[in-house]
Each structure stands twice: as C-alpha cells, then as structure tokens.
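Okay, query-v9.cif now, which holds mmCIF, C-alpha atoms:
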data_data
#
loop_
_atom_site.label_atom_id
_atom_site.label_comp_id
_atom_site.auth_asym_id
_atom_site.auth_seq_id
_atom_site.Cartn_x
_atom_site.Cartn_y
_atom_site.Cartn_z
CA MET Y 1 12.55 150.66 249.37
CA GLU Y 2 14.50 148.14 251.42
CA ILE Y 3 14.70 148.14 255.20
CA ALA Y 4 17.29 146.33 257.31
CA VAL Y 5 17.17 146.29 261.11
CA ARG Y 6 20.08 145.58 263.44
CA GLU Y 7 20.75 146.12 267.11
CA SER Y 8 23.64 148.03 268.59
CA GLY Y 9 23.33 147.65 272.35
CA THR Y 10 20.12 149.32 273.45
CA VAL Y 11 19.82 151.13 270.12
CA THR Y 12 18.08 149.78 267.04
CA VAL Y 13 19.51 150.90 263.73
CA VAL Y 14 17.06 150.92 260.85
CA SER Y 15 18.89 151.17 257.53
CA ILE Y 16 16.75 152.36 254.67
CA ARG Y 17 17.60 152.13 251.00
CA GLY Y 18 15.65 153.84 248.21
CA SER Y 19 12.75 156.25 248.26
CA VAL Y 20 10.61 157.03 251.31
CA ASP Y 21 7.41 158.14 249.65
CA GLY Y 22 3.69 157.59 249.37
CA LEU Y 23 4.23 154.13 247.92
CA THR Y 24 6.68 152.94 250.58
CA ALA Y 25 6.14 155.02 253.72
CA GLY Y 26 3.70 152.46 255.14
CA ASP Y 27 6.45 149.84 255.20
CA LEU Y 28 8.70 152.16 257.18
CA SER Y 29 5.88 152.89 259.64
CA ASP Y 30 5.29 149.15 260.05
CA ALA Y 31 8.97 148.44 260.67
CA ILE Y 32 9.36 151.22 263.24
CA GLY Y 33 6.03 150.39 264.86
CA ALA Y 34 7.13 146.78 265.38
CA GLN Y 35 10.30 147.95 267.12
CA VAL Y 36 8.45 150.33 269.42
CA ARG Y 37 5.82 147.72 270.29
CA GLY Y 38 8.66 145.34 271.12
CA GLY Y 39 10.07 147.85 273.60
CA ARG Y 40 12.96 149.02 271.38
CA THR Y 41 12.45 152.76 271.52
CA HIS Y 42 16.00 154.06 271.00
CA LEU Y 43 15.96 154.22 267.23
CA VAL Y 44 18.41 155.45 264.63
CA ALA Y 45 17.41 155.66 260.99
CA ASP Y 46 20.41 155.31 258.70
CA PHE Y 47 19.52 157.57 255.78
CA ALA Y 48 22.80 157.13 253.86
CA GLU Y 49 20.99 155.24 251.09
CA VAL Y 50 17.78 157.26 251.13
CA GLU Y 51 17.72 159.07 247.83
CA TYR Y 52 14.30 160.69 248.06
CA ILE Y 53 11.70 161.63 250.65
CA SER Y 54 8.23 162.95 249.89
CA SER Y 55 5.56 164.46 252.11
CA ALA Y 56 4.15 160.99 252.83
CA GLY Y 57 7.68 159.94 253.84
CA LEU Y 58 7.92 162.93 256.15
CA ARG Y 59 4.65 161.93 257.77
CA ALA Y 60 6.05 158.43 258.38
CA VAL Y 61 9.16 159.95 259.98
CA LEU Y 62 6.98 162.15 262.18
CA GLY Y 63 4.88 159.15 263.20
CA ALA Y 64 8.03 157.22 264.14
CA LEU Y 65 9.29 160.17 266.11
CA LYS Y 66 6.05 160.53 268.07
CA ASP Y 67 5.72 156.77 268.72
CA ALA Y 68 9.28 156.51 270.05
CA ARG Y 69 9.01 159.62 272.22
CA GLN Y 70 5.64 158.62 273.65
CA GLN Y 71 7.35 155.47 274.93
CA GLY Y 72 10.23 157.43 276.45
CA GLY Y 73 12.65 156.90 273.58
CA ASP Y 74 13.66 158.82 270.49
CA PHE Y 75 13.99 158.45 266.72
CA ARG Y 76 17.17 160.02 265.34
CA LEU Y 77 18.47 160.35 261.81
CA ALA Y 78 21.97 159.74 260.53
CA ALA Y 79 24.00 160.28 257.34
CA ILE Y 80 21.37 162.28 255.45
CA ARG Y 81 22.14 163.08 251.81
CA PRO Y 82 22.10 166.76 250.78
CA ASP Y 83 18.95 166.48 248.63
CA VAL Y 84 17.02 164.82 251.44
CA GLN Y 85 18.49 167.26 253.97
CA ARG Y 86 17.10 170.12 251.88
CA VAL Y 87 13.59 168.68 252.07
CA LEU Y 88 13.94 168.11 255.83
CA ASP Y 89 15.14 171.70 256.30
CA LEU Y 90 12.37 173.17 254.16
CA SER Y 91 9.78 171.15 256.03
CA GLY Y 92 11.01 172.25 259.42
CA PHE Y 93 11.96 168.71 260.48
CA THR Y 94 15.50 169.62 261.42
CA SER Y 95 14.07 171.82 264.17
CA ILE Y 96 12.22 168.94 265.86
CA LEU Y 97 14.49 165.94 265.48
CA LYS Y 98 18.13 165.15 266.10
CA ALA Y 99 20.31 164.40 263.11
CA PHE Y 100 23.92 163.20 263.02
CA SER Y 101 26.50 162.94 260.29
CA THR Y 102 27.22 159.28 260.99
CA VAL Y 103 25.34 156.28 262.34
CA ASP Y 104 28.00 155.79 265.03
CA ALA Y 105 27.47 159.35 266.26
CA ALA Y 106 23.71 158.85 266.32
CA VAL Y 107 24.02 155.56 268.22
CA GLY Y 108 26.50 157.14 270.62
CA SER Y 109 24.16 160.06 271.27
CA PHE Y 110 21.87 157.76 273.27
CA GLY Y 111 24.67 157.20 275.79
CA GLY Y 112 25.54 153.88 277.42
CA MET B 1 -21.83 144.41 239.30
CA SER B 2 -18.41 145.91 238.61
CA ALA B 3 -16.66 148.02 241.24
CA PRO B 4 -16.83 151.75 240.69
CA ALA B 5 -13.79 153.14 238.94
CA ALA B 6 -11.21 154.65 241.28
CA PRO B 7 -11.40 158.43 241.16
CA ARG B 8 -8.69 160.08 239.09
CA ARG B 9 -6.12 161.88 241.17
CA ARG B 10 -6.27 165.62 240.75
CA ILE B 11 -2.96 167.30 240.09
CA ALA B 12 -2.21 170.86 241.14
CA LEU B 13 0.72 173.02 240.30
CA VAL B 14 1.63 175.68 242.86
CA ILE B 15 4.08 178.44 241.97
CA GLY B 16 5.35 180.46 244.88
CA SER B 17 6.81 183.94 245.15
CA GLY B 18 10.28 184.57 243.76
CA SER B 19 10.26 187.48 241.29
CA VAL B 20 11.93 186.61 237.98
CA LYS B 21 13.02 183.22 239.35
CA CYS B 22 9.39 182.16 238.99
CA ALA B 23 10.15 181.79 235.26
CA ALA B 24 11.54 178.40 236.34
CA ALA B 25 7.89 177.32 236.23
CA LEU B 26 8.21 177.36 232.44
CA GLY B 27 10.86 174.64 232.76
CA LEU B 28 8.49 172.66 234.94
CA GLN B 29 5.76 173.18 232.36
CA ARG B 30 8.06 171.80 229.63
CA VAL B 31 8.71 168.64 231.63
CA LEU B 32 5.03 168.06 232.43
CA ALA B 33 4.03 168.66 228.79
CA ARG B 34 6.73 166.30 227.53
CA GLU B 35 5.50 163.63 229.93
CA HIS B 36 1.85 164.26 228.98
CA ILE B 37 0.95 165.01 232.60
CA ASP B 38 -2.20 167.12 232.67
CA VAL B 39 -2.65 169.61 235.46
CA ASP B 40 -6.12 170.22 236.93
CA MET B 41 -5.42 173.51 238.61
CA VAL B 42 -2.69 176.11 238.95
CA VAL B 43 -2.11 178.26 242.01
CA GLY B 44 0.17 181.29 241.93
CA CYS B 45 1.50 183.84 244.37
CA SER B 46 3.34 187.12 243.78
CA GLY B 47 5.77 186.65 240.85
CA GLY B 48 4.38 183.14 240.58
CA SER B 49 0.95 184.59 239.80
CA ILE B 50 2.23 185.75 236.41
CA TYR B 51 3.49 182.28 235.48
CA ALA B 52 0.45 180.55 236.96
CA SER B 53 -1.62 182.74 234.63
CA PHE B 54 0.59 181.87 231.65
CA LEU B 55 0.25 178.16 232.40
CA ALA B 56 -3.48 178.22 233.13
CA GLY B 57 -4.04 180.37 230.06
CA GLY B 58 -2.37 177.83 227.80
CA PHE B 59 0.39 180.17 226.65
CA ALA B 60 3.23 178.44 224.78
CA THR B 61 6.54 178.50 226.64
CA GLU B 62 8.20 180.59 223.95
CA ASP B 63 5.42 183.20 224.12
CA ALA B 64 5.68 183.28 227.91
CA VAL B 65 9.44 183.86 227.69
CA ARG B 66 8.97 186.69 225.21
CA MET B 67 6.24 188.24 227.32
CA THR B 68 8.36 187.97 230.47
CA LYS B 69 11.16 189.88 228.78
CA GLU B 70 8.71 192.58 227.72
CA LEU B 71 6.85 192.70 231.02
CA TRP B 72 9.54 192.34 233.65
CA THR B 73 12.19 195.00 233.07
CA ARG B 74 13.91 197.45 235.36
CA LYS B 75 11.77 200.18 233.80
CA ILE B 76 8.67 199.02 235.68
CA THR B 77 10.11 200.43 238.89
CA SER B 78 12.04 203.35 237.42
CA ARG B 79 9.33 205.92 237.93
CA ARG B 80 8.55 207.24 241.40
CA HIS B 81 5.05 207.51 242.77
CA THR B 82 5.32 211.16 243.74
CA PRO B 83 2.14 211.44 245.82
CA SER B 84 3.40 208.60 248.04
CA LEU B 85 6.76 210.30 248.47
CA LEU B 86 5.13 213.59 249.41
CA ARG B 87 2.83 211.83 251.86
CA ALA B 88 5.85 210.09 253.45
CA ILE B 89 8.01 213.22 253.68
CA LEU B 90 5.29 215.66 254.71
CA PRO B 91 2.51 213.58 256.28
CA GLY B 92 1.10 216.61 258.10
CA LEU B 93 0.63 218.48 254.86
CA PHE B 94 -0.36 215.73 252.44
CA GLY B 95 -1.88 213.16 254.81
CA PHE B 96 -0.21 209.76 254.93
CA SER B 97 -2.48 206.84 254.05
CA GLU B 98 -2.39 203.11 253.29
CA ASP B 99 -2.33 204.01 249.60
CA PHE B 100 1.46 203.99 249.76
CA GLY B 101 4.11 202.67 247.36
CA LEU B 102 7.33 204.32 246.28
CA LYS B 103 7.06 203.31 242.62
CA SER B 104 4.48 204.13 240.00
CA ASP B 105 2.55 201.09 238.78
CA ARG B 106 1.45 202.72 235.52
CA LEU B 107 3.91 200.83 233.35
CA VAL B 108 3.46 197.44 234.96
CA MET B 109 -0.31 197.80 234.63
CA ARG B 110 0.00 198.72 230.95
CA ARG B 111 2.22 195.72 230.32
CA LEU B 112 -0.07 193.35 232.20
CA GLU B 113 -2.97 194.68 230.13
CA ASP B 114 -0.94 194.08 226.94
CA VAL B 115 -0.35 190.46 227.92
CA PHE B 116 -3.60 189.43 229.58
CA GLY B 117 -6.02 192.07 228.29
CA GLY B 118 -9.55 191.46 229.51
CA ARG B 119 -9.01 187.79 230.37
CA ARG B 120 -10.87 186.51 233.37
CA ILE B 121 -9.68 183.95 235.88
CA GLU B 122 -12.81 181.83 235.68
CA ALA B 123 -12.54 181.62 231.89
CA MET B 124 -8.98 180.25 231.81
CA PRO B 125 -8.65 176.80 230.16
CA THR B 126 -7.16 175.41 233.40
CA ARG B 127 -8.57 176.31 236.82
CA LEU B 128 -6.57 179.21 238.25
CA HIS B 129 -6.27 180.57 241.78
CA LEU B 130 -4.11 183.59 242.59
CA THR B 131 -3.31 184.65 246.12
CA ALA B 132 -2.87 188.01 247.77
CA THR B 133 -3.02 189.25 251.36
CA ASP B 134 -5.66 191.40 253.00
CA PHE B 135 -3.88 194.57 254.08
CA HIS B 136 -6.18 195.14 257.03
CA THR B 137 -6.44 191.62 258.47
CA GLY B 138 -3.32 189.87 257.16
CA GLU B 139 -5.46 187.00 255.88
CA GLN B 140 -4.67 185.17 252.70
CA VAL B 141 -7.13 186.08 249.96
CA VAL B 142 -7.67 183.63 247.10
CA LEU B 143 -8.79 185.18 243.83
CA SER B 144 -10.56 182.50 241.80
CA GLU B 145 -12.62 184.75 239.58
CA GLY B 146 -12.48 188.24 238.16
CA SER B 147 -9.90 190.10 236.12
CA VAL B 148 -6.53 188.34 235.71
CA VAL B 149 -4.76 191.69 235.56
CA ASP B 150 -6.34 192.89 238.81
CA ALA B 151 -5.49 189.65 240.57
CA ILE B 152 -1.86 189.69 239.42
CA ARG B 153 -1.52 193.36 240.34
CA ALA B 154 -2.79 192.58 243.85
CA SER B 155 -0.58 189.52 244.15
CA ILE B 156 2.56 191.48 243.22
CA ALA B 157 1.83 194.51 245.41
CA ILE B 158 5.31 194.36 246.97
CA PRO B 159 5.28 196.35 250.22
CA PHE B 160 6.92 199.77 249.91
CA ILE B 161 7.36 199.32 246.14
CA PHE B 162 3.81 199.14 244.73
CA ARG B 163 0.71 200.48 246.39
CA PRO B 164 -1.83 198.00 247.76
CA TRP B 165 -4.52 197.13 245.22
CA LYS B 166 -8.24 197.10 245.77
CA VAL B 167 -10.22 194.09 244.53
CA GLY B 168 -13.90 194.31 245.43
CA ASP B 169 -14.05 195.83 248.89
CA ARG B 170 -10.71 194.46 250.07
CA LEU B 171 -7.38 196.22 249.95
CA LEU B 172 -4.75 193.68 248.97
CA ILE B 173 -0.97 193.39 249.15
CA ASP B 174 1.53 190.85 247.92
CA GLY B 175 0.58 187.20 248.42
CA PHE B 176 3.95 186.30 249.90
CA MET B 177 3.03 188.22 253.05
CA SER B 178 0.53 185.51 254.03
CA ASP B 179 2.09 182.44 252.37
CA PRO B 180 5.03 182.48 249.93
CA LEU B 181 4.07 179.00 248.63
CA PRO B 182 0.28 178.63 248.90
CA VAL B 183 0.01 174.84 248.90
CA GLY B 184 -2.99 175.14 251.23
CA VAL B 185 -5.09 176.54 248.39
CA ALA B 186 -4.50 173.38 246.33
CA ILE B 187 -5.32 171.20 249.34
CA ARG B 188 -8.56 173.09 249.94
CA GLU B 189 -9.51 172.87 246.27
CA GLY B 190 -9.27 169.09 246.40
CA ALA B 191 -5.92 168.35 244.79
CA ASP B 192 -4.32 164.99 245.48
CA ILE B 193 -0.86 165.37 243.98
CA ILE B 194 0.54 168.83 244.49
CA VAL B 195 3.66 169.84 242.62
CA ALA B 196 4.93 172.88 244.49
CA MET B 197 7.62 175.06 243.00
CA GLY B 198 9.02 177.40 245.65
CA PHE B 199 11.93 179.76 246.06
CA GLU B 200 13.80 180.88 249.12
CA SER B 201 14.43 184.62 249.27
CA PRO B 202 18.11 185.43 248.86
CA TYR B 203 20.10 186.86 251.74
CA GLN B 204 22.18 189.99 251.16
CA SER B 205 25.93 189.49 250.86
CA ALA B 206 26.60 192.99 252.22
CA ILE B 207 24.30 195.48 253.93
CA ARG B 208 25.33 198.96 252.83
CA SER B 209 22.00 200.74 252.57
CA PRO B 210 18.69 200.93 254.41
CA ALA B 211 17.05 199.26 251.41
CA ARG B 212 19.32 196.23 251.67
CA PHE B 213 18.79 196.13 255.43
CA SER B 214 15.08 196.04 254.76
CA PHE B 215 15.46 193.33 252.07
CA GLN B 216 17.44 191.23 254.54
CA LEU B 217 14.72 191.47 257.18
CA SER B 218 12.11 190.63 254.58
CA SER B 219 14.09 187.55 253.45
CA ILE B 220 14.46 186.29 257.01
CA MET B 221 10.75 186.61 257.70
CA THR B 222 9.66 185.24 254.32
CA ASN B 223 11.91 182.18 254.47
CA ASN B 224 10.76 181.33 257.97
CA LEU B 225 7.14 181.78 256.90
CA LEU B 226 7.76 179.58 253.85
CA LYS B 227 9.17 176.78 256.01
CA SER B 228 6.50 176.89 258.67
CA ARG B 229 3.62 176.96 256.19
CA PHE B 230 5.21 174.27 254.04
CA ALA B 231 5.78 172.05 257.09
CA PHE B 232 2.15 172.35 258.10
CA HIS B 233 0.83 171.65 254.59
CA ASN B 234 3.14 168.65 254.18
CA LEU B 235 1.80 167.08 257.32
CA ALA B 236 -1.82 168.09 256.80
CA HIS B 237 -2.21 166.82 253.24
CA HIS B 238 -3.79 163.39 252.69
CA ALA B 239 -1.68 162.64 249.62
CA GLU B 240 1.55 164.01 248.21
CA VAL B 241 3.18 167.40 248.08
CA ILE B 242 6.14 167.19 245.74
CA PRO B 243 8.50 170.12 246.26
CA VAL B 244 10.35 171.41 243.23
CA ILE B 245 13.00 173.78 244.52
CA PRO B 246 15.38 174.98 241.80
CA GLN B 247 18.97 175.56 242.85
CA PHE B 248 20.45 178.38 240.84
CA SER B 249 24.11 178.19 239.93
CA GLN B 250 24.21 181.99 239.55
CA HIS B 251 22.86 184.76 241.73
CA ILE B 252 19.55 185.94 240.25
CA ARG B 253 18.61 189.55 240.86
CA LEU B 254 15.15 191.06 240.63
CA PHE B 255 15.37 192.10 236.99
CA ASP B 256 17.85 189.58 235.57
CA THR B 257 15.61 188.79 232.62
CA GLU B 258 18.66 188.00 230.47
CA LYS B 259 19.09 184.96 232.72
CA ILE B 260 15.65 183.59 231.89
CA PRO B 261 17.03 180.74 229.73
CA LEU B 262 19.21 179.68 232.67
CA ILE B 263 16.29 180.03 235.09
CA ILE B 264 14.06 177.87 232.88
CA GLU B 265 16.83 175.30 232.56
CA GLU B 266 17.19 175.10 236.35
CA GLY B 267 13.42 174.75 236.66
CA GLU B 268 13.51 171.92 234.15
CA ARG B 269 16.34 170.23 236.02
CA ALA B 270 14.56 170.51 239.37
CA ALA B 271 11.38 169.09 237.82
CA GLU B 272 13.29 166.19 236.28
CA GLU B 273 14.68 165.28 239.71
CA GLN B 274 11.11 164.71 240.89
CA LEU B 275 9.97 162.96 237.73
CA PRO B 276 10.85 159.33 238.59
CA TYR B 277 8.67 159.45 241.69
CA LEU B 278 5.89 161.37 239.96
CA ARG B 279 5.82 158.74 237.19
CA ARG B 280 5.65 155.87 239.70
CA LEU B 281 2.96 157.64 241.65
CA LEU B 282 0.80 158.21 238.59
CA ALA B 283 1.26 154.60 237.50
CA GLU B 284 -0.19 153.34 240.82
CA PRO B 285 -3.93 152.86 241.23
CA ALA B 286 -5.26 155.77 243.25
CA ALA B 287 -6.56 153.52 246.02
CA GLY B 288 -3.17 151.86 246.55
CA ALA B 289 -1.11 154.94 247.06
CA PHE B 290 -0.44 157.18 250.05
CA ARG B 291 -0.41 154.69 252.92
CA ALA B 292 1.73 156.53 255.39
#
Serialized structure, structure tokens:
Amino acid sequence: MEIAVRESGTVTVVSIRGSVDGLTAGDLSDAIGAQVRGGRTHLVADFAEVEYISSAGLRAVLGALKDARQQGGDFRLAAIRPDVQRVLDLSGFTSILKAFSTVDAAVGSFGG
Amino acid sequence: MSAPAAPRRRIALVIGSGSVKCAAALGLQRVLAREHIDVDMVVGCSGGSIYASFLAGGFATEDAVRMTKELWTRKITSRRHTPSLLRAILPGLFGFSEDFGLKSDRLVMRRLEDVFGGRRIEAMPTRLHLTATDFHTGEQVVLSEGSVVDAIRASIAIPFIFRPWKVGDRLLIDGFMSDPLPVGVAIREGADIIVAMGFESPYQSAIRSPARFSFQLSSIMTNNLLKSRFAFHNLAHHAEVIPVIPQFSQHIRLFDTEKIPLIIEEGERAAEEQLPYLRRLLAEPAAGAFRA
C-alpha cells in the first residue's frame, strides 16, 4: 500500500493506493494519526486506487473516523471502487461516514 | 534457548444462509483445495448448514453436487402438512400450537438421512458447528455435537414452511433468524482467519401475492440483520474476516438446482477475488500480521 498526503486549504487529502488490509492497515492508522495530532482534522481519503479492504482495513478506517471526530473534525471517503463500496455497504460503514463520488466533492463538503 | 514457535493461525470457513445459492461454497472449497489451504473448522447456517456438513465431512465436490440435486428439489415442499393447515384454519377446533409449518418435512428428512445417515457432528473429520435459533428466546443456538441430520433440520426450519425442530429440550427454527452469517461462532471458537461466504436475500421484482409480500418483508429484515451482525463481527474480531460474496449473473430461485454449475462457478470466482490477499496473509508470520 502507498500513501500520499497533500493539503487543500484546511482539508488534508490522503491518497491511498493498493490494499488496506491486516498487513497494511497500521500504516494508514499511523498516517492519519500523525495528521490528527498535528491539528489537521478535516480529512479526505481518496480511495480511487484502493482495490481491496479487509476487516482490519475497516477497523483502521473506523479508528481514523473516531480520532478525527473526537478532535472536532471528520474523515470522509471519496471515489470508492464498486468492490470496496460493496464491503463498506455490507459492513454498515456507509451509514456512519460520508462518502463522495469525487475528491473535489469531498473536499468541498467541508466548506470554506 | 530458541523462541517458541509462533502459533499457527486457525482458519474457519463460515457459510451463511442462502438456500440453493449456498452451493457456491463448493466453488470456494475447490479454490481452497487447489491452493492447499486447510480449514480448521466449518460453520454453517440454514442452507449453508448442508454445505458446511459436506465440507466438514470430507465429501468430494462432485458427490456434493450430485447429492444437492437429489436432496434439494421442488418436491421437498410439494406436500402440505395437513395438521398445521387445520390448526391454522380452525384453531378453536384443532388447537393452534408452535408446532406449525405449512409443508411436510417427511421427504426432506428422508433425503437428509440418505445423505448423512447416522453421522454425528463431533465425529466429522473437520470441526463442524451448525446454527439454529431458539424459538422461545430468539437466541442463536450452536450445535457442535449430536446428529448431523437433526442439526441441519433445525437449521433449515424456515418459518411458515417447515415446523420448528426439537433438539434436546430446545425448540429450534432456522439459523438465519438469529444471524444469517454466523461469523461470531468462528470468533468464539478461536479462529484467526475467517473466510465468510454470505448471501443477501433477493428482493421481489413484483408483489402479487401475500407469499411474495411476506418474502419481501423477510428479505428486508434478513439483509439488515446480516449487515448489522457482520459489521459488529468485523470490528470485534482480532484478526481478519474475509467476506466472499458471490455476485450472480442470473436470478437464482429457491429450487434452481439446474443452475448449480453456475452457482459453483460464481462461488469459485468470488473466492479467487479474495485469494491474493489470503495468500499474502498466510505467507506472513502470525505475529507480524493484523496491526490495525
């Protein structure tokens, strides 16, 4: 899994490539945790290149979501592939987090 | 002194409810056998209890296909259970009771006996757990010993169709009523990697009868139960739950046994989608995995 972080105004976009699973989820948690600790709590995860997510990956997403919200921010997903969307739906995640079809829409959802 | 060897990860296979679609588990079995991935336990629910029993019993795929075609035909629900009908129509006269199901189970019992005979759960080559639901309390009941036929009969006691089934002192109904994909059983039994094959209940394209209205309600409730239980188990498990959810290119009805080759193929395809990650996971030392 590869992670790239960039800033778009007050929003941090975390682009993820590859598989978010038991072997890689810790890296995602570390990357998000560093952002939250640094006060960047408006987070968008660009899932366009995420080809797989497992239960450990879901736990990392949930951790990111809770960390960001506890600090008054949010963790939102963008550009989810259909296979990954199916897992998120089945696991109930789409009922607790905000997802957008594009990164721009997700970034824009945080407002000015 | 050398460090103690890392414990081997225990692999469980969970097959959820889904009537004849559960035959997709045979496709999953093919993939696991081809990859030489040994399973430590099998958990089955409702229709999945039949295939869990095939897999745990070491039945060859071809035998399981043949037995499915013999076991699961429209004939098994063709005969009414007259006492239940009389009790429903004239409860004052015949006395309505919980022993209610519109279809006779005589044929399905005979066919289950033909396939599994006197086999016992605890004597299966692979550990087997079948789930049902306590009719009086709604609790999930895990059958880990006793007659395979009894356990399957309880697990497939579809409400309104087959009468509840007594095992010991508990009256049991279909396992899907408490959890359509009982991943929690595998977690409790100590599995690390859980391969969970589940099926969403189909929604009706048109509602033109009370039966279809009832099926629609059942699908809505079952699918929501499936998602909520699966969400909890995903988050509660210390290791991995790998969902294998076949996507069928054709509509599969309750008794579409002629579509079994297609169903198995879709099961195989869904399993192969998960294979790259499963291979990587199994190649990792147990201690290094699952840092989330």
Residues selected by the PyMOL selection byres ((chain Y) within 12 of (chain B)), written as number ranges by chain: Y: 18-30, 51-64, 83-84, 86-96
Residue nearest Val44 (chain Y) - candidates Y:Arg81, Y:Lys98, Y:Arg6, Y:Arg76, atoms counted: only C-alpha atoms: Y:Arg76
Selection near Phe116 (chain B), 8 Å with all atoms listed in the file, sequence-local residues under 4 positions removed, as a list in words: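 In the requested form, the answer reads Leu112, Val148 and Val149 of chain B.
For the atom pair formed by CA of Ser46 (chain B) and CA of Gln204 (chain B), the distance is 20.4 Å, given to one decimal.
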Residues matched by the PyMOL selection byres ((chain Y and resi 47) around 7) as a PyMOL selection string: chain Y and resi 15-16+45-46+48-50+77-80
Residue IDs satisfying the PyMOL selection byres ((chain Y and resi 111) around 12), as a ChimeraX atom specification: /Y:8-11,42,104-110,112
Nearest to Glu62 (chain B) by atom-to-atom distance, counting all atoms listed in the file, from B:Gly117, B:Pro180, B:Gly27, B:Gly146: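 Using all atoms listed in the file, the shortest distance to Glu62 (chain B) belongs to B:Gly27.
Taking CA of Ala157 (chain B) and CA of Gly175 (chain B) as the two end points, the separation is 8.0 Å.
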